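One structure below.
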Amino acid sequence: METRELVGRLQAVVGAEHVVYLPEDLIVFERDASIDAQLPAAVVFPRTTAEVSEILAVAGELKVPVVPKGAGTGLSGGAVPEENGILLSVSRMRDILEIDEENRTALVEPGVVNLELSSEVKHLGLYYAPDPSSQYACTLGGNVAENSGGAHCLRYGCTINHVLGLEVVFPGGEVAWIGGKAPDAPGYDLMSAIIGSEGTMGVVTKILVKLLPIPEAVETYLAIFESVPDACEAVSSIIGNGIIPAALEIMDQVVTRAIEEAHHVGYPYDAGGVLIIEIDGMQEELDEQREAILSLCREARAREIRVAQTAAEREIVWKGRKGAIGALGRLAPNYYIQDCVVPRTKLPEIMRFVEDVAERHDIIIANVFHAGDGNLHPNLLFDVRDSDQVRRVITAGEEIISACIDAGGSLSGEHGIGTEKQEYMDWLYSEEDLEAMRKLKRAFDPDWLFNPTKVFPTGEGPHAAKIHIGKAPVHATAAAVWK
């Protein structure tokens with residue numbers, strides 16, 4: 001298949017202005033928020049489900065791989081294009097199609113930005129609960145692909161807990177609706193197979209989500225500790241005493257200092273670790289929880305506990321947390337973020353291990369994570385132009401992943417597998433487990449065209465082999481894309 005033929009077929013579907021194919025233009029689309037990169041043959045921007053269907057029919061006929069992409073905020077390489085493939089962007093599909101106030105649902109297109117939905121229904125006293133840190137930019141289609149979580153998924157759950165139905169275009173162009181407003185539909189739970197499948201089975205073109213009533217009352221606390229393990233112990237104590245806050249978020253000193261230099265939100269510069277605690281619900285419920293939480297934090301050696309007195313103060317606390325990853329750009333040009341999950345009681349042990357890894361490999365690791373879920377986010381900071389740093393970072397990352405699995409944990413809590421963790425899948429699953437997953441993918445995608453080189457291990461070795469050290473070599477071959 002020549003690229004000229006592919007581009008011509010795509011232009012016939014969406015118009016010439018909605019297909020990108022020149023090498024110098026494709027560079028903009030070579031990556032998501034991970035550290036891998038690859039140029040596609042073309043990027044196409046459909047506006048309707050019918051156009052998506054036609055595009056996938058063309059891809060199936062020409063046997064061209066397809067990678068769906070939302071805002072590109074994914075952190076595991078799931079939206080990195082395939083060589084000589086189609087990158088299908090849903091950025092033009094951004095309408096909120098229906099808001100059903102009585103049933104508390106919304107029907108949206110996949111390009112709708114996460115936070116925009118809550119803003120749109122706020123006047124009705126409603127909101128959409130899943131809140132990834134990138135919610136100012138990430139799209140609901142991408143959230144579905146990765147089963148995204150967020151700071152408040154401790155109490156409210158991840159994306160899968162808030163999606164009622166999906167319109168999906170499968171390989172070849174077949175359009176199907178799965179799920180719906182009525183709960184507990186009979187038959188196979190195909191929706192759960194699609195959510196979190198990282199674009200390996202189909203393209204989601206409509207999403208029916210739940211809306212929740214805005215809580216009557218919200219309280220936010222900032223507990224300050226001398227160490228991250230102490231903050232972790234406070235988390236275990238709070239939940240162990242039967243209290244499930246809306247959010248329990250921990251940041252270490254590396255992160256809080258970077259945030260202070262970037263945003264000046266008032267985090268203590270000398271704290272070893274800080275714990276953000278948020279509770280919400282009926283005011284009576286909060287009154288019962290407040291003193292118990294503050295007491296448990298003091299027992300865990302919190303040196304200070306600040307209580308946000310106003311909505312503006314709460315917003316400042318969260319501004320820092322939501323801006324944490326961006327602030328790390330002040331410390332290094334690149335970061336390699338892990339997304340493992342461990343039982344909460346293992347958090348102090350694992351965080352001490354992460355500190356040891358950073359010291360042994362002489363790297364900076366910045367920790368900001370969803371402590372209530374045991375979902376770690378060690379950010380290994382480095383410069384991709386330094387091959388020695390890259391190797392040390394990858395080795396350190398592997399050690400952290402291995403330790404989390406040994407502790408009874410998992411590879412990913414919300415970022416997905418993509419390219420960054422696919423070679424570690426057999427650390428967690430047997431070959432029989434993986435083959436069962438492959439059979440499910442083949443049932444939807446028999447030609448293996450949808451995001452074909454992601455999620456499953458390839459046997460090519462550790463992730464380090466896939467990182468473009470010093471440069472992105474795909475640039476050197478860009479001229480060869482148009483042939």
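Letters for chains follow the order of the structure tokens (A, B, ...), residue numbers begin at 1 for each chain, and ligand numbers begin at 1 in the order shown.
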**Prompt:** Among segment 61-101 of chain A, which residues carry a DSSP assignment of strand (DSSP E or B), reported as a ChimeraX atom specification?
**Reply:** /A:66-69,86-89,96-100
Would you export the selected residues with C-alpha atoms as a PDB file, in the first residue's frame, please?
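That gives us out.pdb:
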```
ATOM      1  CA  VAL A  66      -5.184   2.277  13.278  1.00  0.00           C
ATOM      2  CA  VAL A  67      -4.464   4.060  16.560  1.00  0.00           C
ATOM      3  CA  PRO A  68      -7.291   6.160  18.100  1.00  0.00           C
ATOM      4  CA  LYS A  69      -6.172   9.330  19.900  1.00  0.00           C
ATOM      5  CA  ILE A  86      -3.443   5.819  10.575  1.00  0.00           C
ATOM      6  CA  LEU A  87      -3.685   8.011  13.657  1.00  0.00           C
ATOM      7  CA  LEU A  88      -7.413   8.611  14.135  1.00  0.00           C
ATOM      8  CA  SER A  89      -7.949  11.770  16.183  1.00  0.00           C
ATOM      9  CA  ILE A  96     -22.260  17.183  24.489  1.00  0.00           C
ATOM     10  CA  LEU A  97     -25.241  15.626  22.734  1.00  0.00           C
ATOM     11  CA  GLU A  98     -27.727  15.259  25.586  1.00  0.00           C
ATOM     12  CA  ILE A  99     -28.053  16.098  29.255  1.00  0.00           C
ATOM     13  CA  ASP A 100     -30.815  14.151  30.991  1.00  0.00           C
TER      14      ASP A 100
END
```
Using only C-alpha atoms, which residues of segment 115-151 of chain A come within 7 Å of segment 210-221 of chain A, and what is the closest atom pair for each, with the distance in Å to one decimal? Give it as a Markdown table, sorted by chain and residue number.
```
| residue | atom | partner | partner_atom | distance |
| --- | --- | --- | --- | --- |
| A:Gly125 | CA | A:Ile214 | CA | 5.5 |
| A:Leu126 | CA | A:Pro213 | CA | 4.4 |
| A:Tyr127 | CA | A:Leu212 | CA | 5.4 |
| A:Tyr128 | CA | A:Leu211 | CA | 5.1 |
| A:Ala129 | CA | A:Leu212 | CA | 7.0 |
```
Just to be explicit: take each residue in the selection above, keep N, CA and C atoms, and write the result as an mmCIF file, in the first residue's frame.
```cif
data_model
loop_
_atom_site.group_PDB
_atom_site.id
_atom_site.type_symbol
_atom_site.label_atom_id
_atom_site.label_comp_id
_atom_site.auth_asym_id
_atom_site.auth_seq_id
_atom_site.Cartn_x
_atom_site.Cartn_y
_atom_site.Cartn_z
ATOM 1 N N GLY A 125 -26.620 21.492 39.517
ATOM 2 C CA GLY A 125 -26.232 20.854 40.777
ATOM 3 C C GLY A 125 -25.636 19.484 40.565
ATOM 4 N N LEU A 126 -25.081 19.233 39.358
ATOM 5 C CA LEU A 126 -24.527 17.925 39.010
ATOM 6 C C LEU A 126 -23.067 18.054 38.595
ATOM 7 N N TYR A 127 -22.367 16.918 38.558
ATOM 8 C CA TYR A 127 -20.999 16.907 38.054
ATOM 9 C C TYR A 127 -20.621 15.495 37.636
ATOM 10 N N TYR A 128 -19.500 15.385 36.894
ATOM 11 C CA TYR A 128 -18.953 14.092 36.477
ATOM 12 C C TYR A 128 -17.775 13.783 37.387
ATOM 13 N N ALA A 129 -17.808 12.647 38.082
ATOM 14 C CA ALA A 129 -16.893 12.405 39.192
ATOM 15 C C ALA A 129 -15.447 12.085 38.820
#
```
**Message:** Report as a PyMOL selection string all protein, DNA and RNA residues lying within 9 Å of Tyr269 of chain A, evaluated on only C-alpha atoms, omitting residues in the same chain fewer than 3 positions from it.
**Reply:** chain A and resi 253+256-257+260+266+272
Keeping only C-alpha atoms, write those residues as a PDB file, in the first residue's frame.
```
ATOM      1  CA  GLN A 253       9.435  16.973  49.248  1.00  0.00           C
ATOM      2  CA  THR A 256       6.140  20.094  46.884  1.00  0.00           C
ATOM      3  CA  ARG A 257       9.281  22.171  46.379  1.00  0.00           C
ATOM      4  CA  GLU A 260       6.056  25.958  45.297  1.00  0.00           C
ATOM      5  CA  GLY A 266       1.782  27.631  50.237  1.00  0.00           C
ATOM      6  CA  GLY A 272       9.221  15.304  53.969  1.00  0.00           C
TER       7      GLY A 272
END
```
**Request:** Might you pull out every residue within 7 Å of segment 375-378 of chain A, with only C-alpha atoms counted and same-chain residues fewer than 3 positions away left off, and present them as a PyMOL selection string?
**Result:** chain A and resi 337-342+365-371+413
Restricted to N, CA, C and O atoms, what would the selected residues look like written as a compact mmCIF listing (two decimals), in the first residue's frame?
```
# COMPACT_ATOMS: atom_id res chain seq x y z
N ILE A 337 7.27 7.90 34.32
CA ILE A 337 6.35 7.75 35.45
C ILE A 337 5.85 6.31 35.56
O ILE A 337 5.48 5.69 34.56
N GLN A 338 5.89 5.78 36.76
CA GLN A 338 5.34 4.45 37.02
C GLN A 338 3.91 4.59 37.56
O GLN A 338 3.51 5.64 38.05
N ASP A 339 3.17 3.51 37.49
CA ASP A 339 1.73 3.56 37.81
C ASP A 339 1.30 2.27 38.51
O ASP A 339 0.23 1.75 38.28
N CYS A 340 2.18 1.74 39.33
CA CYS A 340 1.87 0.46 39.98
C CYS A 340 0.90 0.66 41.14
O CYS A 340 0.74 1.76 41.67
N VAL A 341 0.27 -0.43 41.54
CA VAL A 341 -0.65 -0.43 42.67
C VAL A 341 -0.21 -1.49 43.66
O VAL A 341 0.18 -2.59 43.27
N VAL A 342 -0.24 -1.15 44.95
CA VAL A 342 0.06 -2.12 46.00
C VAL A 342 -1.02 -2.03 47.07
O VAL A 342 -1.73 -1.02 47.18
N ILE A 365 13.82 10.80 42.14
CA ILE A 365 12.48 10.25 41.99
C ILE A 365 11.51 11.13 42.77
O ILE A 365 11.66 11.31 43.97
N ALA A 366 10.56 11.69 42.07
CA ALA A 366 9.55 12.56 42.67
C ALA A 366 8.26 11.77 42.81
O ALA A 366 7.75 11.23 41.83
N ASN A 367 7.72 11.71 44.01
CA ASN A 367 6.55 10.88 44.27
C ASN A 367 5.31 11.72 44.54
O ASN A 367 5.28 12.57 45.43
N VAL A 368 4.29 11.48 43.74
CA VAL A 368 2.97 12.10 43.92
C VAL A 368 1.97 11.03 43.55
O VAL A 368 2.02 10.48 42.44
N PHE A 369 1.05 10.68 44.47
CA PHE A 369 0.26 9.48 44.18
C PHE A 369 -1.06 9.43 44.94
O PHE A 369 -1.27 10.14 45.92
N HIS A 370 -1.94 8.55 44.41
CA HIS A 370 -3.26 8.31 44.99
C HIS A 370 -3.10 7.30 46.13
O HIS A 370 -3.33 6.10 45.96
N ALA A 371 -2.74 7.80 47.29
CA ALA A 371 -2.39 6.91 48.39
C ALA A 371 -3.57 6.07 48.86
O ALA A 371 -3.39 4.92 49.29
N GLY A 413 -2.61 1.22 37.65
CA GLY A 413 -3.86 1.56 38.31
C GLY A 413 -4.77 2.39 37.44
O GLY A 413 -5.99 2.34 37.58
```
So which residues touch Ile195 of chain A within 10 Å, counting only C-alpha atoms, skipping near sequence neighbours fewer than 6 positions away, as a CSV table (one decimal) with N, CA and C atoms, in the first residue's frame?
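Listing of result_6.csv after writing:
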```csv
chain,number,residue,atom,x,y,z
A,141,GLY,N,-13.1,10.2,25.7
A,141,GLY,CA,-12.7,9.1,24.9
A,141,GLY,C,-11.4,8.4,25.4
A,142,GLY,N,-10.4,9.2,25.7
A,142,GLY,CA,-9.2,8.7,26.2
A,142,GLY,C,-9.4,8.1,27.6
A,143,ASN,N,-10.2,8.8,28.4
A,143,ASN,CA,-10.5,8.2,29.8
A,143,ASN,C,-11.1,6.8,29.7
A,144,VAL,N,-12.0,6.6,28.7
A,144,VAL,CA,-12.6,5.3,28.5
A,144,VAL,C,-11.5,4.3,28.1
A,145,ALA,N,-10.7,4.7,27.2
A,145,ALA,CA,-9.6,3.8,26.7
A,145,ALA,C,-8.7,3.3,27.8
A,146,GLU,N,-8.4,4.2,28.7
A,146,GLU,CA,-7.5,3.9,29.8
A,146,GLU,C,-8.1,3.5,31.1
A,147,ASN,N,-9.5,3.6,31.2
A,147,ASN,CA,-10.2,3.5,32.4
A,147,ASN,C,-9.5,4.4,33.5
A,148,SER,N,-9.5,5.6,33.1
A,148,SER,CA,-8.8,6.6,34.0
A,148,SER,C,-9.4,6.8,35.3
A,159,THR,N,-13.3,5.4,35.8
A,159,THR,CA,-14.2,5.7,34.7
A,159,THR,C,-15.3,4.6,34.5
A,160,ILE,N,-14.8,3.3,34.7
A,160,ILE,CA,-15.8,2.2,34.4
A,160,ILE,C,-17.0,2.2,35.3
A,163,VAL,N,-19.7,4.9,33.5
A,163,VAL,CA,-20.1,4.8,32.1
A,163,VAL,C,-21.3,3.8,32.0
A,166,LEU,N,-21.9,2.7,25.5
A,166,LEU,CA,-20.9,3.2,24.5
A,166,LEU,C,-21.4,2.9,23.1
A,201,MET,N,-9.5,-2.6,20.4
A,201,MET,CA,-10.7,-3.4,20.0
A,201,MET,C,-11.6,-2.6,19.1
A,204,VAL,N,-14.4,4.3,20.2
A,204,VAL,CA,-15.6,4.7,20.8
A,204,VAL,C,-16.0,6.1,20.3
```
**Asked** When distances are computed from only C-alpha atoms, which of A:Val390, A:Ala193, A:Ile207, A:Lys439 shows the smallest separation from Thr105 of chain A?
**Response** A:Ile207
Based on DSSP run over this structure's backbone, return all residues of segment 17-211 of chain A in helix (DSSP H, G or I), as an mmCIF file with N, CA, C and O atoms, in the first residue's frame.
```
data_model
loop_
_atom_site.group_PDB
_atom_site.id
_atom_site.type_symbol
_atom_site.label_atom_id
_atom_site.label_comp_id
_atom_site.auth_asym_id
_atom_site.auth_seq_id
_atom_site.Cartn_x
_atom_site.Cartn_y
_atom_site.Cartn_z
ATOM 1 N N GLU A 17 -8.811 18.910 3.947
ATOM 2 C CA GLU A 17 -8.345 19.743 5.060
ATOM 3 C C GLU A 17 -8.289 18.995 6.391
ATOM 4 O O GLU A 17 -7.721 19.492 7.373
ATOM 5 N N HIS A 18 -8.857 17.796 6.441
ATOM 6 C CA HIS A 18 -8.892 17.039 7.691
ATOM 7 C C HIS A 18 -8.011 15.795 7.650
ATOM 8 O O HIS A 18 -8.224 14.843 8.408
ATOM 9 N N PRO A 23 5.504 15.046 6.091
ATOM 10 C CA PRO A 23 6.393 14.675 7.211
ATOM 11 C C PRO A 23 6.592 15.775 8.233
ATOM 12 O O PRO A 23 6.599 15.528 9.439
ATOM 13 N N GLU A 24 6.751 17.022 7.762
ATOM 14 C CA GLU A 24 6.999 18.114 8.706
ATOM 15 C C GLU A 24 5.771 18.403 9.573
ATOM 16 O O GLU A 24 5.898 18.945 10.683
ATOM 17 N N ASP A 25 4.585 18.047 9.103
ATOM 18 C CA ASP A 25 3.368 18.226 9.891
ATOM 19 C C ASP A 25 3.117 17.042 10.823
ATOM 20 O O ASP A 25 2.568 17.195 11.916
ATOM 21 N N LEU A 26 3.530 15.866 10.402
ATOM 22 C CA LEU A 26 3.288 14.660 11.204
ATOM 23 C C LEU A 26 4.070 14.667 12.516
ATOM 24 O O LEU A 26 3.668 14.014 13.483
ATOM 25 N N ILE A 27 5.181 15.408 12.546
ATOM 26 C CA ILE A 27 6.013 15.424 13.754
ATOM 27 C C ILE A 27 5.205 15.834 14.986
ATOM 28 O O ILE A 27 5.438 15.342 16.091
ATOM 29 N N VAL A 28 4.232 16.708 14.793
ATOM 30 C CA VAL A 28 3.412 17.180 15.915
ATOM 31 C C VAL A 28 2.634 16.035 16.558
ATOM 32 O O VAL A 28 2.280 16.085 17.737
ATOM 33 N N PHE A 29 2.385 14.972 15.797
ATOM 34 C CA PHE A 29 1.515 13.891 16.260
ATOM 35 C C PHE A 29 2.276 12.617 16.616
ATOM 36 O O PHE A 29 1.673 11.562 16.778
ATOM 37 N N THR A 49 -19.727 9.656 13.484
ATOM 38 C CA THR A 49 -19.593 8.207 13.567
ATOM 39 C C THR A 49 -19.524 7.590 12.172
ATOM 40 O O THR A 49 -18.750 6.645 11.930
ATOM 41 N N ALA A 50 -20.319 8.114 11.249
ATOM 42 C CA ALA A 50 -20.320 7.589 9.881
ATOM 43 C C ALA A 50 -18.940 7.731 9.246
ATOM 44 O O ALA A 50 -18.472 6.811 8.543
ATOM 45 N N GLU A 51 -18.271 8.849 9.489
ATOM 46 C CA GLU A 51 -16.926 9.024 8.941
ATOM 47 C C GLU A 51 -15.934 8.068 9.580
ATOM 48 O O GLU A 51 -15.065 7.512 8.893
ATOM 49 N N VAL A 52 -16.054 7.857 10.897
ATOM 50 C CA VAL A 52 -15.189 6.879 11.561
ATOM 51 C C VAL A 52 -15.393 5.504 10.937
ATOM 52 O O VAL A 52 -14.434 4.766 10.664
ATOM 53 N N SER A 53 -16.641 5.150 10.711
ATOM 54 C CA SER A 53 -16.951 3.854 10.109
ATOM 55 C C SER A 53 -16.301 3.703 8.738
ATOM 56 O O SER A 53 -15.715 2.652 8.419
ATOM 57 N N GLU A 54 -16.379 4.747 7.906
ATOM 58 C CA GLU A 54 -15.777 4.684 6.576
ATOM 59 C C GLU A 54 -14.256 4.588 6.653
ATOM 60 O O GLU A 54 -13.620 3.853 5.879
ATOM 61 N N ILE A 55 -13.666 5.314 7.583
ATOM 62 C CA ILE A 55 -12.209 5.265 7.754
ATOM 63 C C ILE A 55 -11.759 3.850 8.131
ATOM 64 O O ILE A 55 -10.782 3.314 7.581
ATOM 65 N N LEU A 56 -12.486 3.227 9.050
ATOM 66 C CA LEU A 56 -12.105 1.889 9.478
ATOM 67 C C LEU A 56 -12.360 0.860 8.383
ATOM 68 O O LEU A 56 -11.660 -0.157 8.299
ATOM 69 N N ALA A 57 -13.348 1.113 7.553
ATOM 70 C CA ALA A 57 -13.568 0.234 6.404
ATOM 71 C C ALA A 57 -12.384 0.320 5.444
ATOM 72 O O ALA A 57 -11.914 -0.704 4.919
ATOM 73 N N VAL A 58 -11.881 1.542 5.215
ATOM 74 C CA VAL A 58 -10.704 1.716 4.367
ATOM 75 C C VAL A 58 -9.494 1.020 4.978
ATOM 76 O O VAL A 58 -8.747 0.317 4.288
ATOM 77 N N ALA A 59 -9.301 1.211 6.291
ATOM 78 C CA ALA A 59 -8.168 0.583 6.969
ATOM 79 C C ALA A 59 -8.237 -0.934 6.859
ATOM 80 O O ALA A 59 -7.214 -1.597 6.634
ATOM 81 N N GLY A 60 -9.432 -1.485 7.026
ATOM 82 C CA GLY A 60 -9.588 -2.926 6.917
ATOM 83 C C GLY A 60 -9.310 -3.433 5.516
ATOM 84 O O GLY A 60 -8.676 -4.477 5.323
ATOM 85 N N GLU A 61 -9.770 -2.703 4.527
ATOM 86 C CA GLU A 61 -9.558 -3.106 3.128
ATOM 87 C C GLU A 61 -8.074 -3.071 2.774
ATOM 88 O O GLU A 61 -7.566 -3.985 2.097
ATOM 89 N N LEU A 62 -7.373 -2.012 3.214
ATOM 90 C CA LEU A 62 -5.964 -1.850 2.870
ATOM 91 C C LEU A 62 -5.020 -2.508 3.874
ATOM 92 O O LEU A 62 -3.800 -2.480 3.675
ATOM 93 N N ASN A 114 -12.707 16.363 29.788
ATOM 94 C CA ASN A 114 -13.263 15.872 31.054
ATOM 95 C C ASN A 114 -13.905 16.977 31.883
ATOM 96 O O ASN A 114 -15.072 16.890 32.273
ATOM 97 N N LEU A 115 -13.169 18.041 32.158
ATOM 98 C CA LEU A 115 -13.665 19.086 33.052
ATOM 99 C C LEU A 115 -14.813 19.877 32.435
ATOM 100 O O LEU A 115 -15.657 20.416 33.156
ATOM 101 N N GLU A 116 -14.861 19.938 31.114
ATOM 102 C CA GLU A 116 -15.921 20.699 30.460
ATOM 103 C C GLU A 116 -17.305 20.126 30.753
ATOM 104 O O GLU A 116 -18.288 20.864 30.829
ATOM 105 N N LEU A 117 -17.384 18.811 30.916
ATOM 106 C CA LEU A 117 -18.678 18.210 31.205
ATOM 107 C C LEU A 117 -19.199 18.673 32.560
ATOM 108 O O LEU A 117 -20.369 19.067 32.693
ATOM 109 N N SER A 118 -18.356 18.650 33.575
ATOM 110 C CA SER A 118 -18.782 19.126 34.891
ATOM 111 C C SER A 118 -19.154 20.597 34.860
ATOM 112 O O SER A 118 -20.127 21.026 35.500
ATOM 113 N N SER A 119 -18.395 21.387 34.103
ATOM 114 C CA SER A 119 -18.713 22.813 33.986
ATOM 115 C C SER A 119 -20.075 23.021 33.326
ATOM 116 O O SER A 119 -20.833 23.916 33.708
ATOM 117 N N GLU A 120 -20.395 22.171 32.352
ATOM 118 C CA GLU A 120 -21.640 22.309 31.603
ATOM 119 C C GLU A 120 -22.869 21.993 32.462
ATOM 120 O O GLU A 120 -23.942 22.547 32.225
ATOM 121 N N VAL A 121 -22.730 21.100 33.446
ATOM 122 C CA VAL A 121 -23.895 20.679 34.237
ATOM 123 C C VAL A 121 -23.883 21.237 35.656
ATOM 124 O O VAL A 121 -24.762 20.923 36.450
ATOM 125 N N LYS A 122 -22.913 22.088 35.957
ATOM 126 C CA LYS A 122 -22.808 22.627 37.314
ATOM 127 C C LYS A 122 -24.062 23.378 37.727
ATOM 128 O O LYS A 122 -24.506 23.305 38.887
ATOM 129 N N HIS A 123 -24.680 24.110 36.794
ATOM 130 C CA HIS A 123 -25.865 24.904 37.127
ATOM 131 C C HIS A 123 -27.054 24.014 37.504
ATOM 132 O O HIS A 123 -28.025 24.487 38.114
ATOM 133 N N LEU A 124 -26.975 22.732 37.179
ATOM 134 C CA LEU A 124 -28.029 21.781 37.552
ATOM 135 C C LEU A 124 -27.736 21.108 38.889
ATOM 136 O O LEU A 124 -28.497 20.253 39.339
ATOM 137 N N LEU A 140 -12.822 12.491 27.284
ATOM 138 C CA LEU A 140 -13.574 11.369 27.832
ATOM 139 C C LEU A 140 -13.339 10.094 27.026
ATOM 140 O O LEU A 140 -13.372 8.994 27.574
ATOM 141 N N GLY A 141 -13.070 10.229 25.726
ATOM 142 C CA GLY A 141 -12.735 9.050 24.944
ATOM 143 C C GLY A 141 -11.443 8.410 25.416
ATOM 144 O O GLY A 141 -11.344 7.182 25.548
ATOM 145 N N GLY A 142 -10.440 9.242 25.685
ATOM 146 C CA GLY A 142 -9.187 8.728 26.223
ATOM 147 C C GLY A 142 -9.368 8.149 27.612
ATOM 148 O O GLY A 142 -8.751 7.132 27.967
ATOM 149 N N ASN A 143 -10.227 8.777 28.430
ATOM 150 C CA ASN A 143 -10.521 8.242 29.763
ATOM 151 C C ASN A 143 -11.113 6.844 29.679
ATOM 152 O O ASN A 143 -10.790 5.959 30.472
ATOM 153 N N VAL A 144 -12.009 6.632 28.695
ATOM 154 C CA VAL A 144 -12.598 5.307 28.497
ATOM 155 C C VAL A 144 -11.526 4.308 28.066
ATOM 156 O O VAL A 144 -11.465 3.182 28.570
ATOM 157 N N ALA A 145 -10.661 4.722 27.156
ATOM 158 C CA ALA A 145 -9.621 3.820 26.654
ATOM 159 C C ALA A 145 -8.701 3.336 27.762
ATOM 160 O O ALA A 145 -8.271 2.178 27.761
ATOM 161 N N GLU A 146 -8.405 4.213 28.719
ATOM 162 C CA GLU A 146 -7.456 3.862 29.780
ATOM 163 C C GLU A 146 -8.134 3.503 31.101
ATOM 164 O O GLU A 146 -7.445 3.155 32.062
ATOM 165 N N CYS A 153 -11.150 8.992 42.930
ATOM 166 C CA CYS A 153 -11.655 7.643 42.629
ATOM 167 C C CYS A 153 -11.631 6.739 43.855
ATOM 168 O O CYS A 153 -12.223 5.659 43.838
ATOM 169 N N LEU A 154 -10.972 7.168 44.932
ATOM 170 C CA LEU A 154 -11.009 6.384 46.171
ATOM 171 C C LEU A 154 -12.448 6.141 46.601
ATOM 172 O O LEU A 154 -12.836 5.015 46.919
ATOM 173 N N ARG A 155 -13.244 7.177 46.607
ATOM 174 C CA ARG A 155 -14.638 7.038 47.031
ATOM 175 C C ARG A 155 -15.578 6.777 45.852
ATOM 176 O O ARG A 155 -16.553 6.042 45.987
ATOM 177 N N TYR A 156 -15.269 7.354 44.702
ATOM 178 C CA TYR A 156 -16.246 7.341 43.617
ATOM 179 C C TYR A 156 -15.922 6.357 42.491
ATOM 180 O O TYR A 156 -16.759 6.126 41.624
ATOM 181 N N THR A 159 -13.311 5.395 35.790
ATOM 182 C CA THR A 159 -14.216 5.652 34.664
ATOM 183 C C THR A 159 -15.253 4.552 34.508
ATOM 184 O O THR A 159 -16.437 4.824 34.265
ATOM 185 N N ILE A 160 -14.839 3.305 34.654
ATOM 186 C CA ILE A 160 -15.752 2.185 34.422
ATOM 187 C C ILE A 160 -16.973 2.228 35.333
ATOM 188 O O ILE A 160 -18.045 1.711 34.979
ATOM 189 N N ASN A 161 -16.846 2.853 36.481
ATOM 190 C CA ASN A 161 -17.954 2.956 37.425
ATOM 191 C C ASN A 161 -18.943 4.066 37.065
ATOM 192 O O ASN A 161 -19.976 4.207 37.724
ATOM 193 N N LEU A 190 -19.969 -6.516 27.533
ATOM 194 C CA LEU A 190 -18.983 -6.079 26.558
ATOM 195 C C LEU A 190 -18.399 -4.714 26.907
ATOM 196 O O LEU A 190 -17.269 -4.398 26.536
ATOM 197 N N MET A 191 -19.183 -3.907 27.611
ATOM 198 C CA MET A 191 -18.700 -2.577 27.968
ATOM 199 C C MET A 191 -17.439 -2.667 28.826
ATOM 200 O O MET A 191 -16.487 -1.901 28.654
ATOM 201 N N SER A 192 -17.414 -3.616 29.731
ATOM 202 C CA SER A 192 -16.238 -3.772 30.584
ATOM 203 C C SER A 192 -15.030 -4.273 29.801
ATOM 204 O O SER A 192 -13.890 -4.067 30.226
ATOM 205 N N ALA A 193 -15.279 -4.938 28.684
ATOM 206 C CA ALA A 193 -14.172 -5.363 27.831
ATOM 207 C C ALA A 193 -13.590 -4.187 27.058
ATOM 208 O O ALA A 193 -12.375 -4.115 26.825
ATOM 209 N N ILE A 194 -14.443 -3.243 26.673
ATOM 210 C CA ILE A 194 -13.989 -2.095 25.886
ATOM 211 C C ILE A 194 -13.293 -1.058 26.763
ATOM 212 O O ILE A 194 -12.245 -0.520 26.408
#
```
**Request:** Find the residues around Gly165 of chain A up to 8 Å (only C-alpha atoms counted), leave out those fewer than 5 positions away in its own chain, and share them as a VMD selection string.
**Result:** chain A and resid 177 to 181 191 207 to 209
Can you build me a table of segment 341-433 of chain A residues sitting at most 6 Å from segment 224-248 of chain A, with the closest atom pair per residue and its distance in Å to one decimal, using only C-alpha atoms, sorted by chain and residue number, as a tab-separated table?
```
residue	atom	partner	partner_atom	distance
A:Leu347	CA	A:Cys232	CA	6.0
A:Pro348	CA	A:Pro229	CA	4.3
A:Ala371	CA	A:Leu248	CA	5.7
A:Gly372	CA	A:Leu248	CA	5.0
```
**Request:** Find the distance between atom CA of Pro446 of chain A and atom CA of Phe45 of chain A and write it in Å to one decimal.
**Result:** 24.7 Å
